[in-house]
Every structure is written in structure tokens, then in C-alpha cells.
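Asker: Sharing upload.tsv (TSV, C-alpha atoms and all ligand atoms) below.
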```
chain	number	residue	atom	x	y	z
A	207	MET	CA	-21.70	5.90	6.10
A	208	PRO	CA	-18.48	4.78	4.33
A	209	HIS	CA	-15.51	4.56	6.65
A	210	VAL	CA	-12.26	2.73	7.31
A	211	ASP	CA	-11.01	1.87	10.80
A	212	LEU	CA	-7.31	2.00	11.53
A	213	THR	CA	-6.28	-0.05	14.55
A	214	LEU	CA	-2.82	0.02	16.08
A	215	PRO	CA	-1.59	-1.59	19.31
A	216	HIS	CA	-1.85	1.71	21.20
A	217	HIS	CA	-4.37	3.72	19.19
A	218	ARG	CA	-7.43	3.42	17.02
A	219	TYR	CA	-9.25	5.88	14.80
A	220	ARG	CA	-11.90	6.11	12.14
A	221	ILE	CA	-11.57	7.65	8.70
A	222	HIS	CA	-14.98	8.93	7.55
A	223	ILE	CA	-15.58	9.43	3.82
A	224	GLU	CA	-18.70	11.26	2.66
A	225	PRO	CA	-19.88	14.17	0.52
A	226	GLY	CA	-20.95	17.06	2.75
A	227	LEU	CA	-19.12	15.79	5.82
A	228	LEU	CA	-17.75	19.22	6.81
A	229	SER	CA	-21.23	20.26	7.89
A	230	ARG	CA	-21.13	17.42	10.45
A	231	LEU	CA	-17.53	18.04	11.51
A	232	GLY	CA	-18.53	19.46	14.91
A	233	GLU	CA	-20.43	16.37	16.04
A	234	LEU	CA	-17.70	14.05	14.73
A	235	VAL	CA	-14.98	15.97	16.58
A	236	ARG	CA	-17.11	16.05	19.72
A	237	SER	CA	-17.32	12.24	19.65
A	238	VAL	CA	-13.52	11.90	19.89
A	239	ALA	CA	-12.34	15.14	21.53
A	240	PRO	CA	-15.02	16.89	23.58
A	241	HIS	CA	-13.80	20.20	24.95
A	242	LYS	CA	-14.66	23.90	25.26
A	243	LYS	CA	-12.30	25.06	22.54
A	244	ALA	CA	-11.10	23.93	19.14
A	245	ALA	CA	-8.69	25.37	16.59
A	246	VAL	CA	-8.93	24.99	12.81
A	247	LEU	CA	-5.71	25.75	10.99
A	248	VAL	CA	-6.64	26.11	7.34
A	249	ASP	CA	-4.87	26.55	4.00
A	250	ALA	CA	-5.40	30.23	3.07
A	251	ASN	CA	-6.70	29.28	-0.40
A	252	ILE	CA	-9.77	27.62	1.10
A	253	ALA	CA	-10.20	29.57	4.34
A	254	ALA	CA	-13.19	31.59	3.12
A	255	THR	CA	-14.99	28.58	1.69
A	256	LEU	CA	-14.22	25.30	3.46
A	257	GLY	CA	-12.76	27.04	6.52
A	258	ALA	CA	-15.96	28.96	7.14
A	259	ARG	CA	-18.00	25.77	6.73
A	260	ALA	CA	-15.84	23.88	9.24
A	261	LYS	CA	-15.98	26.71	11.75
A	262	ALA	CA	-19.76	26.97	11.57
A	263	SER	CA	-20.14	23.26	12.20
A	264	LEU	CA	-17.78	23.29	15.19
A	265	ALA	CA	-19.51	26.33	16.65
A	266	ALA	CA	-22.89	24.62	16.24
A	267	ALA	CA	-21.50	21.66	18.19
A	268	GLY	CA	-20.62	24.02	21.04
A	269	TYR	CA	-16.92	24.68	20.42
A	270	ASP	CA	-15.44	28.08	21.00
A	271	THR	CA	-13.67	27.92	17.63
A	272	LEU	CA	-10.53	29.62	16.41
A	273	LEU	CA	-10.05	29.69	12.63
A	274	HIS	CA	-6.59	30.66	11.46
A	275	ALA	CA	-5.38	30.75	7.83
A	276	ILE	CA	-1.87	29.63	6.93
A	277	ASP	CA	-0.15	30.63	3.66
A	278	ALA	CA	-0.53	27.80	1.13
A	279	GLY	CA	2.18	25.80	-0.56
A	280	GLU	CA	5.17	23.56	0.00
A	281	GLN	CA	7.46	26.57	0.61
A	282	HIS	CA	5.52	27.24	3.82
A	283	LYS	CA	5.89	23.71	5.17
A	284	ASN	CA	8.65	24.77	7.54
A	285	LEU	CA	9.51	25.53	11.16
A	286	ASP	CA	8.63	29.24	10.82
A	287	THR	CA	5.07	28.25	10.00
A	288	VAL	CA	4.98	25.81	12.92
A	289	ARG	CA	6.25	28.55	15.24
A	290	GLN	CA	3.42	30.78	13.98
A	291	MET	CA	0.98	27.97	14.79
A	292	TYR	CA	2.33	27.66	18.34
A	293	ASP	CA	1.79	31.41	18.86
A	294	VAL	CA	-1.76	31.19	17.60
A	295	LEU	CA	-2.55	28.25	19.88
A	296	ILE	CA	-0.92	29.89	22.90
A	297	ASP	CA	-2.70	33.21	22.28
A	298	ALA	CA	-6.04	31.45	22.09
A	299	LYS	CA	-5.23	29.49	25.26
A	300	LEU	CA	-5.79	26.11	23.69
A	301	GLU	CA	-5.48	23.41	26.35
A	302	ARG	CA	-4.23	19.82	26.62
A	303	LYS	CA	-7.61	18.44	25.53
A	304	SER	CA	-8.52	21.02	22.89
A	305	PRO	CA	-8.69	19.48	19.41
A	306	VAL	CA	-6.51	20.97	16.67
A	307	ILE	CA	-7.86	20.47	13.16
A	308	ALA	CA	-5.81	20.52	9.96
A	309	LEU	CA	-7.94	21.63	7.01
A	310	GLY	CA	-6.16	21.52	3.65
A	311	GLY	CA	-3.84	19.36	1.60
A	312	GLY	CA	-0.80	17.39	2.68
A	313	VAL	CA	1.14	20.55	3.49
A	314	MET	CA	-1.41	21.50	6.15
A	315	GLY	CA	-1.80	17.93	7.43
A	316	ASP	CA	1.93	17.44	7.86
A	317	SER	CA	2.72	20.82	9.42
A	318	VAL	CA	-0.37	21.16	11.64
A	319	GLY	CA	0.15	17.55	12.69
A	320	PHE	CA	3.68	18.38	13.79
A	321	ALA	CA	2.42	21.41	15.74
A	322	ALA	CA	-0.31	19.27	17.35
A	323	ALA	CA	2.22	16.56	18.26
A	324	THR	CA	4.47	19.03	20.06
A	325	TYR	CA	2.19	21.77	21.45
A	326	LEU	CA	1.80	20.93	25.17
A	327	ARG	CA	3.48	17.59	24.31
A	328	GLY	CA	0.55	16.58	22.15
A	329	VAL	CA	-3.10	17.60	21.78
A	330	PRO	CA	-5.99	15.81	20.01
A	331	PHE	CA	-5.40	16.02	16.27
A	332	ILE	CA	-8.02	15.88	13.50
A	333	GLN	CA	-7.22	15.56	9.81
A	334	CYS	CA	-9.60	17.14	7.28
A	335	PRO	CA	-7.85	16.56	3.95
A	336	THR	CA	-9.09	18.63	1.01
A	337	THR	CA	-6.87	17.39	-1.86
A	338	LEU	CA	-7.16	13.92	-3.36
A	339	LEU	CA	-3.50	13.29	-2.51
A	340	ALA	CA	-4.07	14.14	1.15
A	341	MET	CA	-7.27	12.06	1.25
A	342	VAL	CA	-5.73	8.87	-0.14
A	343	ASP	CA	-2.24	9.22	1.26
A	344	ALA	CA	-0.96	12.04	3.51
A	345	SER	CA	-3.81	12.21	6.05
A	346	VAL	CA	-3.68	8.52	6.92
A	347	GLY	CA	-0.88	6.86	8.84
A	348	GLY	CA	0.49	9.42	11.28
A	349	LYS	CA	3.59	10.75	9.54
A	350	VAL	CA	3.80	14.48	10.31
A	351	GLY	CA	6.60	16.96	9.84
A	352	VAL	CA	8.17	19.83	7.95
A	353	ASN	CA	11.00	20.62	5.55
A	354	VAL	CA	14.28	22.34	6.38
A	355	PRO	CA	16.54	24.00	3.80
A	356	ARG	CA	18.67	20.88	3.54
A	357	GLY	CA	15.88	18.49	2.79
A	358	LYS	CA	12.21	17.56	2.65
A	359	ASN	CA	10.47	16.06	5.67
A	360	LEU	CA	13.71	15.87	7.67
A	361	ILE	CA	12.00	17.04	10.87
A	362	GLY	CA	8.96	15.13	12.03
A	363	ALA	CA	7.21	12.57	14.17
A	364	PHE	CA	4.79	9.70	14.08
A	365	TYR	CA	1.60	11.22	15.50
A	366	GLN	CA	-1.67	9.52	14.67
A	367	PRO	CA	-4.85	11.61	14.37
A	368	ASN	CA	-7.92	10.91	16.51
A	369	LEU	CA	-10.15	11.18	13.47
A	370	VAL	CA	-9.91	11.75	9.73
A	371	ALA	CA	-12.94	13.47	8.18
A	372	ILE	CA	-12.96	13.37	4.38
A	373	ASP	CA	-15.57	15.59	2.77
A	374	ILE	CA	-15.64	14.49	-0.87
A	375	ASP	CA	-17.31	17.80	-1.78
A	376	SER	CA	-13.99	19.53	-1.02
A	377	LEU	CA	-12.75	18.17	-4.33
A	378	ASP	CA	-15.26	20.40	-6.20
A	379	SER	CA	-12.82	23.33	-6.08
A	380	LEU	CA	-9.59	21.36	-6.50
A	381	PRO	CA	-7.68	22.28	-9.71
A	382	PRO	CA	-7.72	19.35	-12.21
A	383	ARG	CA	-3.91	19.13	-12.17
A	384	GLU	CA	-4.00	18.52	-8.39
A	385	LEU	CA	-6.69	15.87	-8.86
A	386	ARG	CA	-4.53	14.05	-11.41
A	387	CYS	CA	-1.59	14.15	-8.99
A	388	GLY	CA	-3.70	12.45	-6.33
A	389	LEU	CA	-4.61	9.79	-8.88
A	390	ALA	CA	-0.91	8.98	-9.31
A	391	GLU	CA	-0.89	7.71	-5.71
A	392	CYS	CA	-4.06	5.69	-6.42
A	393	VAL	CA	-2.34	4.05	-9.40
A	394	LYS	CA	0.58	3.31	-7.07
A	395	HIS	CA	-1.73	1.59	-4.58
A	396	GLY	CA	-3.13	-0.57	-7.37
A	397	VAL	CA	0.30	-1.64	-8.56
A	398	ILE	CA	1.65	-2.46	-5.10
A	399	ARG	CA	-1.44	-4.20	-3.67
A	400	ASP	CA	-4.53	-4.58	-5.83
A	401	ALA	CA	-4.72	-5.69	-9.47
A	402	ALA	CA	-8.53	-5.74	-9.47
A	403	ARG	CA	-8.72	-2.12	-8.31
A	404	PHE	CA	-6.06	-1.09	-10.82
A	405	ASN	CA	-8.33	-2.45	-13.56
A	406	TRP	CA	-11.39	-0.82	-11.95
A	407	LEU	CA	-9.58	2.54	-11.94
A	408	GLN	CA	-8.83	2.13	-15.65
A	409	ARG	CA	-12.58	1.74	-16.25
A	410	VAL	CA	-13.70	4.69	-14.11
A	411	VAL	CA	-11.14	7.34	-15.13
A	412	PRO	CA	-13.75	9.40	-17.06
A	413	ALA	CA	-16.17	9.36	-14.11
A	414	VAL	CA	-13.41	10.37	-11.69
A	415	LEU	CA	-12.24	13.22	-13.91
A	416	ARG	CA	-15.76	14.62	-14.23
A	417	GLY	CA	-16.17	14.49	-10.45
A	418	ASP	CA	-18.82	11.79	-10.15
A	419	LYS	CA	-19.44	11.63	-6.37
A	420	PRO	CA	-20.25	7.92	-5.84
A	421	THR	CA	-17.17	6.98	-7.88
A	422	LEU	CA	-14.99	9.39	-5.87
A	423	VAL	CA	-16.28	7.94	-2.59
A	424	GLU	CA	-15.46	4.41	-3.79
A	425	LEU	CA	-12.05	5.54	-5.05
A	426	VAL	CA	-11.09	7.25	-1.80
A	427	GLN	CA	-12.40	4.40	0.33
A	428	TRP	CA	-10.35	1.67	-1.36
A	429	ASN	CA	-7.22	3.77	-1.34
A	430	VAL	CA	-7.61	4.65	2.32
A	431	GLN	CA	-8.17	0.95	3.05
A	432	ILE	CA	-4.94	0.01	1.28
A	433	LYS	CA	-2.95	2.72	3.03
A	434	ALA	CA	-4.51	1.76	6.39
A	435	ASN	CA	-3.70	-1.93	5.86
A	436	VAL	CA	-0.07	-1.11	5.14
A	437	VAL	CA	0.16	1.17	8.17
A	438	MET	CA	-1.52	-1.40	10.44
A	439	ALA	CA	1.02	-4.00	9.34
A	440	ASP	CA	4.05	-1.72	9.74
A	441	GLU	CA	3.35	1.61	11.45
A	442	LYS	CA	6.95	2.81	11.79
A	443	GLU	CA	8.21	1.69	8.36
A	444	THR	CA	10.52	-1.11	9.39
A	445	GLY	CA	9.31	-3.30	6.53
A	446	GLU	CA	6.42	-3.32	4.11
A	447	ARG	CA	5.38	0.33	4.60
A	448	ALA	CA	8.36	1.02	2.32
A	449	HIS	CA	6.28	-0.46	-0.53
A	450	LEU	CA	4.47	2.91	-0.58
A	451	ASN	CA	7.71	4.33	-1.97
A	452	PHE	CA	7.11	2.61	-5.31
A	453	GLY	CA	8.19	5.14	-7.96
A	454	HIS	CA	9.26	7.61	-5.29
A	455	THR	CA	13.06	7.25	-5.33
A	456	PHE	CA	12.99	8.16	-9.01
A	457	ALA	CA	10.35	10.84	-8.32
A	458	HIS	CA	12.32	12.50	-5.55
A	459	ALA	CA	15.35	12.73	-7.84
A	460	ILE	CA	13.20	14.47	-10.47
A	461	GLU	CA	11.75	16.85	-7.87
A	462	ALA	CA	15.14	17.60	-6.29
A	463	THR	CA	16.74	18.41	-9.66
A	464	THR	CA	13.80	20.35	-11.11
A	465	GLY	CA	12.77	22.37	-8.06
A	466	TYR	CA	9.75	20.83	-6.27
A	467	GLY	CA	6.86	21.87	-8.49
A	468	ASP	CA	8.26	25.36	-8.91
A	469	GLY	CA	7.52	25.62	-12.60
A	470	GLY	CA	8.52	21.98	-12.97
A	471	TYR	CA	6.84	18.71	-12.13
A	472	TYR	CA	4.30	18.35	-9.37
A	473	HIS	CA	4.87	15.45	-6.97
A	474	GLY	CA	2.22	13.23	-8.57
A	475	GLU	CA	3.64	13.85	-12.03
A	476	ALA	CA	7.13	12.94	-10.82
A	477	VAL	CA	5.65	9.80	-9.22
A	478	ALA	CA	4.02	8.85	-12.53
A	479	LEU	CA	7.39	9.11	-14.27
A	480	GLY	CA	9.06	7.30	-11.37
A	481	MET	CA	6.64	4.38	-11.59
A	482	VAL	CA	7.30	4.09	-15.32
A	483	ALA	CA	11.08	4.08	-14.71
A	484	ALA	CA	10.87	1.51	-11.90
A	485	THR	CA	8.66	-0.74	-14.02
A	486	ARG	CA	11.02	-0.43	-16.99
A	487	LEU	CA	13.91	-1.39	-14.72
A	488	ALA	CA	12.01	-4.40	-13.35
A	489	ILE	CA	11.22	-5.57	-16.89
A	490	ASP	CA	14.82	-5.09	-18.08
A	491	ARG	CA	15.94	-7.18	-15.13
A	492	GLY	CA	13.46	-9.94	-15.88
A	493	LEU	CA	11.54	-9.38	-12.65
A	494	CYS	CA	8.19	-8.57	-14.20
A	495	PRO	CA	6.29	-9.12	-17.48
A	496	PRO	CA	6.32	-6.33	-20.14
A	497	THR	CA	2.51	-6.19	-20.12
A	498	LEU	CA	2.65	-4.34	-16.80
A	499	LEU	CA	4.35	-1.36	-18.44
A	500	SER	CA	1.69	-1.26	-21.16
A	501	GLN	CA	-1.09	-1.27	-18.57
A	502	LEU	CA	0.64	1.38	-16.47
A	503	VAL	CA	1.34	3.71	-19.40
A	504	LYS	CA	-2.23	3.37	-20.66
A	505	LEU	CA	-3.75	4.19	-17.26
A	506	LEU	CA	-1.42	7.10	-16.51
A	507	GLY	CA	-1.95	8.47	-20.01
A	508	ASP	CA	-5.76	8.29	-19.71
A	509	ILE	CA	-5.56	10.14	-16.41
A	510	GLY	CA	-3.46	12.83	-18.07
A	511	LEU	CA	-0.23	12.13	-16.19
A	512	PRO	CA	3.16	12.15	-17.97
A	513	THR	CA	4.77	8.84	-18.93
A	514	HIS	CA	7.87	10.28	-20.56
A	515	ALA	CA	9.76	13.54	-20.33
A	516	ALA	CA	12.18	14.86	-22.93
A	517	ASP	CA	13.35	17.70	-20.66
A	518	LEU	CA	14.75	15.72	-17.73
A	519	PRO	CA	18.13	16.76	-16.31
A	520	PRO	CA	21.11	14.65	-17.45
A	521	THR	CA	21.11	11.08	-16.15
A	522	PRO	CA	24.28	11.48	-14.00
A	523	ARG	CA	22.61	14.34	-12.11
A	524	LEU	CA	19.50	12.27	-11.54
A	525	MET	CA	21.58	9.31	-10.36
A	526	GLU	CA	23.41	11.56	-7.92
A	527	ALA	CA	20.13	12.97	-6.55
A	528	MET	CA	18.85	9.40	-6.12
A	529	ARG	CA	21.87	8.46	-4.05
A	530	LEU	CA	21.35	11.50	-1.81
A	531	ASP	CA	17.71	10.58	-1.31
A	532	LYS	CA	18.32	7.02	-0.23
A	533	LYS	CA	17.30	6.46	3.34
A	534	VAL	CA	19.66	3.60	4.23
A	535	ALA	CA	23.36	4.27	4.39
A	536	SER	CA	24.41	0.78	3.34
A	537	GLY	CA	25.75	2.14	0.06
A	538	LYS	CA	23.14	0.43	-2.09
A	539	LEU	CA	20.04	1.98	-3.58
A	540	ARG	CA	16.95	0.20	-2.30
A	541	LEU	CA	14.20	0.34	-4.88
A	542	VAL	CA	10.63	-0.90	-4.83
A	543	LEU	CA	10.14	-2.91	-8.02
A	544	PRO	CA	7.00	-4.55	-9.38
A	545	ARG	CA	6.79	-8.34	-9.82
A	546	GLN	CA	3.30	-8.26	-11.30
A	547	LEU	CA	0.20	-6.14	-10.98
A	548	GLY	CA	-0.54	-6.06	-7.23
A	549	GLU	CA	2.87	-7.26	-6.02
A	550	VAL	CA	6.19	-5.46	-5.42
A	551	VAL	CA	9.54	-6.32	-3.85
A	552	ILE	CA	12.22	-4.23	-2.18
A	553	ASP	CA	15.43	-4.76	-4.08
A	554	ASP	CA	18.97	-3.45	-3.74
A	555	THR	CA	20.62	-5.47	-6.49
A	556	SER	CA	20.08	-3.19	-9.50
A	557	SER	CA	23.35	-2.05	-11.06
A	558	ASP	CA	23.98	1.64	-11.71
A	559	GLU	CA	24.02	0.83	-15.43
A	560	ALA	CA	20.55	-0.72	-15.28
A	561	ILE	CA	19.15	2.24	-13.31
A	562	ALA	CA	20.76	4.70	-15.74
A	563	ALA	CA	19.22	2.79	-18.65
A	564	ALA	CA	15.78	3.14	-17.04
A	565	TRP	CA	16.29	6.91	-16.78
A	566	GLN	CA	17.24	7.00	-20.46
A	567	THR	CA	14.06	5.23	-21.53
A	568	LEU	CA	12.00	7.93	-19.79
A	569	ARG	CA	13.22	10.46	-22.32
A	570	GLN	CA	11.14	9.22	-25.21
A	571	PRO	CA	7.58	7.89	-25.51
A	572	GLN	CA	7.30	4.37	-24.17
A	573	SER	CA	7.16	1.84	-26.97
A	574	VAL	CA	4.51	-0.41	-25.57
A	575	THR	CA	1.64	-2.34	-27.01
A	576	VAL	CA	-1.61	-1.49	-25.33
A	577	PRO	CA	-3.73	-4.54	-24.52
A	578	ALA	CA	-7.15	-4.48	-26.17
A	601	LIG	N1	2.39	12.38	5.81
A	601	LIG	C1	2.40	11.57	4.78
A	601	LIG	O1	2.32	10.35	4.92
A	601	LIG	C2	2.48	12.17	3.40
A	601	LIG	C3	2.23	11.36	2.29
A	601	LIG	C4	2.24	11.95	1.03
A	601	LIG	C5	2.52	13.30	0.90
A	601	LIG	N2	2.76	14.06	2.01
A	601	LIG	C6	3.04	15.49	1.88
A	601	LIG	O2	1.89	16.12	1.33
A	601	LIG	C7	2.31	17.32	0.68
A	601	LIG	C8	1.59	17.43	-0.64
A	601	LIG	O3	0.21	17.46	-0.41
A	601	LIG	P1	-0.81	18.12	-1.45
A	601	LIG	O4	-0.55	17.58	-2.79
A	601	LIG	O5	-2.16	17.98	-0.87
A	601	LIG	O6	-0.31	19.65	-1.51
A	601	LIG	P2	-0.84	21.01	-0.88
A	601	LIG	O7	-1.25	20.85	0.52
A	601	LIG	O8	0.20	22.02	-1.17
A	601	LIG	O9	-2.14	21.34	-1.77
A	601	LIG	C9	-1.99	21.53	-3.16
A	601	LIG	C10	-2.65	22.83	-3.62
A	601	LIG	O10	-4.06	22.69	-3.58
A	601	LIG	C11	-4.66	23.78	-2.87
A	601	LIG	N3	-5.88	23.23	-2.30
A	601	LIG	C12	-6.00	22.35	-1.30
A	601	LIG	N4	-7.26	21.93	-1.16
A	601	LIG	C13	-7.98	22.59	-2.09
A	601	LIG	C14	-9.34	22.57	-2.46
A	601	LIG	N5	-10.23	21.75	-1.88
A	601	LIG	N6	-9.74	23.39	-3.45
A	601	LIG	C15	-8.85	24.19	-4.10
A	601	LIG	N7	-7.54	24.21	-3.82
A	601	LIG	C16	-7.12	23.42	-2.82
A	601	LIG	C17	-3.61	24.23	-1.93
A	601	LIG	O11	-3.79	25.57	-1.54
A	601	LIG	C18	-2.34	24.05	-2.74
A	601	LIG	O12	-2.16	25.15	-3.59
A	601	LIG	C19	3.82	17.26	0.57
A	601	LIG	O13	4.38	18.17	1.49
A	601	LIG	C20	4.14	15.83	0.95
A	601	LIG	O14	5.40	15.73	1.59
A	601	LIG	C21	2.74	13.51	3.24
A	602	ZN	ZN	3.85	10.40	-3.04
```
Represent the supplied structure as C-alpha cells.
Answerer:
Amino acid sequence: MPHVDLTLPHHRYRIHIEPGLLSRLGELVRSVAPHKKAAVLVDANIAATLGARAKASLAAAGYDTLLHAIDAGEQHKNLDTVRQMYDVLIDAKLERKSPVIALGGGVMGDSVGFAAATYLRGVPFIQCPTTLLAMVDASVGGKVGVNVPRGKNLIGAFYQPNLVAIDIDSLDSLPPRELRCGLAECVKHGVIRDAARFNWLQRVVPAVLRGDKPTLVELVQWNVQIKANVVMADEKETGERAHLNFGHTFAHAIEATTGYGDGGYYHGEAVALGMVAATRLAIDRGLCPPTLLSQLVKLLGDIGLPTHAADLPPTPRLMEAMRLDKKVASGKLRLVLPRQLGEVVIDDTSSDEAIAAAWQTLRQPQSVTVPA
């Protein structure tokens, strides 16, 4: 069965990837967290379908299983929701060794993970991601947390799961726009680490978009492997884990100024635009060959992700949002820039003028020649 192992100095877990895996969830959870009780906290949009399937499997494996639905969406990734989760767990008398399972996209993984990290100072935590984005990115690597009114993901912890169970069949009900957003992170993984897989993805886009299962398994497995490798090398983001932010400083500025998907751009769409801007900047600065932009624009376009946006807020507003987003307070924007397909650098030497010029080029279609 396809899987990826993630090994850290103090912890080790397996990420299983398979169509139909939810029906075996109970036995998988039992192998890492045997106990009388288990709780599944599930995104309300999939509670009746995937939630019921997960519960039946856990019950068959002997768990006294609580299934509780949580309102879906980024606006619910907050401390009120976490408090609601604590109440549910306390009411059901979940104990120190009872597994808590997050079933849903990245919103569920992050918020349930934070509840699991803090309830009774930490209980066994299982990730069951059901969006492509959560499968290839959010569910792997142990970052959990919630938003507060003053910013995204400002409250959180590093709390690794005991198991990640990826049922590829979950993607059957995922809206196509969400699937495309997950693919933006896959493109990112190709650019930062793997030229061969970038080219493979270009070839298999039609199969992915029509939901071909073997292709989806292969896609998820290589992306999980890349994310796991980065996390194994730098769990707490003191170095190369920052490469995963390729395109994201630009993306966060778009999201912050256009309202986090609320009628505007979804995260993956903002990341697509952000990767184009970062690549344009790298080319303008002579750091990378122009062919990379052509390849990137072609792949994103075939997936159905945006590569330019006429309706972006004014550049000074975007620049300001970028400065607010920056994690280091050294006064310089640190950007992840491509050197070539499969290789990026962290750079803080771009001038404001060069960054502003990259924003400007996002406003019209990219003038690139597509390689035959
Ligand atoms: N922890 C990390 O390392 C990490 C990394 C990347 C992103 N994230 C976080 O992940 C979140 C975004 O995750 P997301 O894109 O999965 O969003 P999400 O959890 O909001 O899910 C997107 C939408 O899809 C629906 N949905 C989920 N699974 C479905 C299915 N199988 N069928 C039909 N509908 C389904 C949800 O109800 C929701 O409406 C953000 O909060 C982001 O901060 C975390
Ligand atoms: Zn992202």
C-alpha cells in the first residue's frame, strides 16, 4: 500500500495513501492509538458522507466513537471553535490516550490539531485530510493552529500527528475549484524541489482533472514525500522549511487585501499569482532563466489557475500588506525566489522598486513563449 514515513528525532509516523482507506480507518487508528474511545471532529459539509464512513469503521474496530460536526470554512478556524471542541471532548469524557481524528480540509486539520495538542496537554492525533490541499500540504508536518482577528495562524503549535490517513476517494466530492487550488501547492513543490515531477505534472493534468485514481495516488504520494523531506530536514522552520513559502508572501498580500476567499481569490489561486510574481522578479534580477516563467504559466494555465489579474488592489497597498506579513523583523522582505526548475533561494536583497515592478507585470497576461 502506498505510504510515506516521516521520521523526526522524537517522533515517527506513517502517511497512508489509498482509495477507500476510510473503510479501514478503525484498524489503522487501533495500530497507533488503541483505546476504548475515539472522537471524529468533521467538517459539517462532509459529516453525513465521509463522517459516517469514518465512524462506522472506528466502531467496527471496537471504538466507542463520537462524531461531531464543525461548521465549515476559514471563518470558523478560531478560538471559539476550539473552545467548542474542548466542550465536546470533555462531555464525552475523552481520556489522555483517546485518539482525536480531524476529518476535513486544512481548516479542520489545523483547528482540531490545536485542540488535540492542548486538550489534557495533548492526546493522540490523527489527520484524515479530504481536500487535495490538506492531503499534499496541511496534514503533513505538524503545524496546527487558528486565526485571531488580527491575523491568520497567529495562535498555534507544532504538534505532529500519530498517523495520516489519506483516502483518495474523498476527492470524488471535492469541488473542481478546490482541486485546482490543491494543485497550486503541487506546482510549488515541483518548482522548489523536483523538475522531473513538474514536467510529469504537466503531462498528467488532464488525468488529474478527470479524477483518475492511480494518477491521483501518484500525485499525492510524491507531494507528501517532498513535504515530508522538507519537514524532516527542518521541522521547526529555522531554515529550508521556509522554501515552502515560495509564492506565499505575494499570495498573502493578495489574500489580505482582497478578503481571504470571500468573493475574491482562494488561497491556491493567490499562490498561483504569487509564484508568477516571484518568478518574474527572479528573472528581472537575473537570478533565473526566462524559460521558467513560460513553463510555470503554461502549467498553471492548463490546470485552470490564474496567471494574471487585472483587478488587483493598487501596488502600494499590496506592498504594504507584504511588509505586514513578513515574519522577520529585520526590516527586509525575505522572499523565496527560483534559480531554476527544482531549486530556490531565500533572498532579502530585492529592492522595493523591483518588487513593485513584479506586481505590475501581474496585471496583464504574461508575455511568454511557450516551449514546444
Ligand atoms: N498546517 C499547515 O502546514 C498548513 C499548510 C497549508 C494550509 N494550511 C491551512 O489550511 C487551510 C486551507 O485548507 P483547505 O483548502 O483544505 O480549506 P478548507 O478546510 O476550508 O476546505 C475547503 C472547502 O472544501 C470543503 N470540503 C472539504 N473536503 C471536502 C470533500 N471531500 N468534498 C467536498 N467538499 C469538501 C470544505 O467544507 C470547505 O468548504 C487554511 O486555513 C490554511 O491556513 C495549513
Ligand atoms: Zn499554501
Asker: Using all atoms listed in the file, find each protein or nucleic acid residue lying at most 12 Å from ligand ZN 602 (chain A); present the set as a ChimeraX atom specification.
Answerer: /A:312,338-340,342-344,387-395,433,448-458,461,472-481
Asker: Which residues are close to Ala516 in chain A, i.e. within 12 Å by all atoms listed in the file, leaving aside same-chain residues fewer than 2 positions away? Reply as a PyMOL selection string.
Answerer: chain A and resi 479+512-514+518-521+565-572
Asker: How many Å lie between CA of Pro330 in chain A and CA of Ile432 in chain A, rounded to one decimal?
Answerer: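 That distance, rounded to one decimal, is 24.5 Å.
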Asker: Considering all atoms listed in the file, can you say which of A:Asp508, A:Asp517, A:Asp531, A:Asp375 comes closest to Lys358 in chain A?
Answerer: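 For Lys358 in chain A, the nearest of the candidates is A:Asp531.
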Asker: Using only C-alpha atoms, can you tell me which of A:Ala560, A:Val426, A:Leu231, A:Ile252 comes closest to Leu380 in chain A?
Answerer: A:Ile252
Asker: Within 8 Å of ligand LIG 601 (chain A), counting all atoms listed in the file, which protein or nucleic acid residues do you find, written as a PyMOL selection string?
Answerer: chain A and resi 249-252+256+278-280+283+310-316+335-340+343-352+358-359+376-381+384+387-388+473-474
Asker: In Å, how far is it from CA of Gln290 in chain A to CA of Arg218 in chain A?
Answerer: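 Computing the Euclidean distance for CA of Gln290 in chain A and CA of Arg218 in chain A yields 29.6 Å.
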Asker: List every protein, DNA or RNA residue that has an atom no more than 12 Å from (-5.1, 4.0, 17.0) in the file's coordinate frame, counting all atoms listed in the file, and report them as a PyMOL selection string.
Answerer: chain A and resi 211-221+238+346-348+364-370+434+437-438+441
Asker: Mind pulling up the distance from CA of Ala401 in chain A to CA of Ala413 in chain A?
Answerer: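 According to the coordinates, CA of Ala413 in chain A and CA of Ala401 in chain A are separated by 19.5 Å.
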Asker: Nearest to Gly492 in chain A among A:Val210, A:Leu543, A:Leu415, A:Ala462, with distances taken over all atoms listed in the file: which residue is it?
Answerer: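 For Gly492 in chain A, the nearest of the given residues is A:Leu543.
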Asker: When distances are computed from only C-alpha atoms, which of A:Ser237, A:Ser556, A:Thr255, A:Thr287 shows the smallest separation from Arg540 in chain A?
Answerer: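 Of all the options, A:Ser556 lies closest to Arg540 in chain A.
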Asker: Compile the contact shell of Arg403 in chain A as a PyMOL selection string: residues with an atom at most 12 Å away, counting all atoms listed in the file, same-chain residues fewer than 2 positions apart removed.
Answerer: chain A and resi 392-401+405-411+424-429+431-432+547-548
Asker: Which residue is closest to Pro240 in chain A? Choose from A:Cys334, A:Ala267, A:Ile223, A:Leu530 and count all atoms listed in the file.
Answerer: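 Closest residue, counting all atoms listed in the file: A:Ala267.
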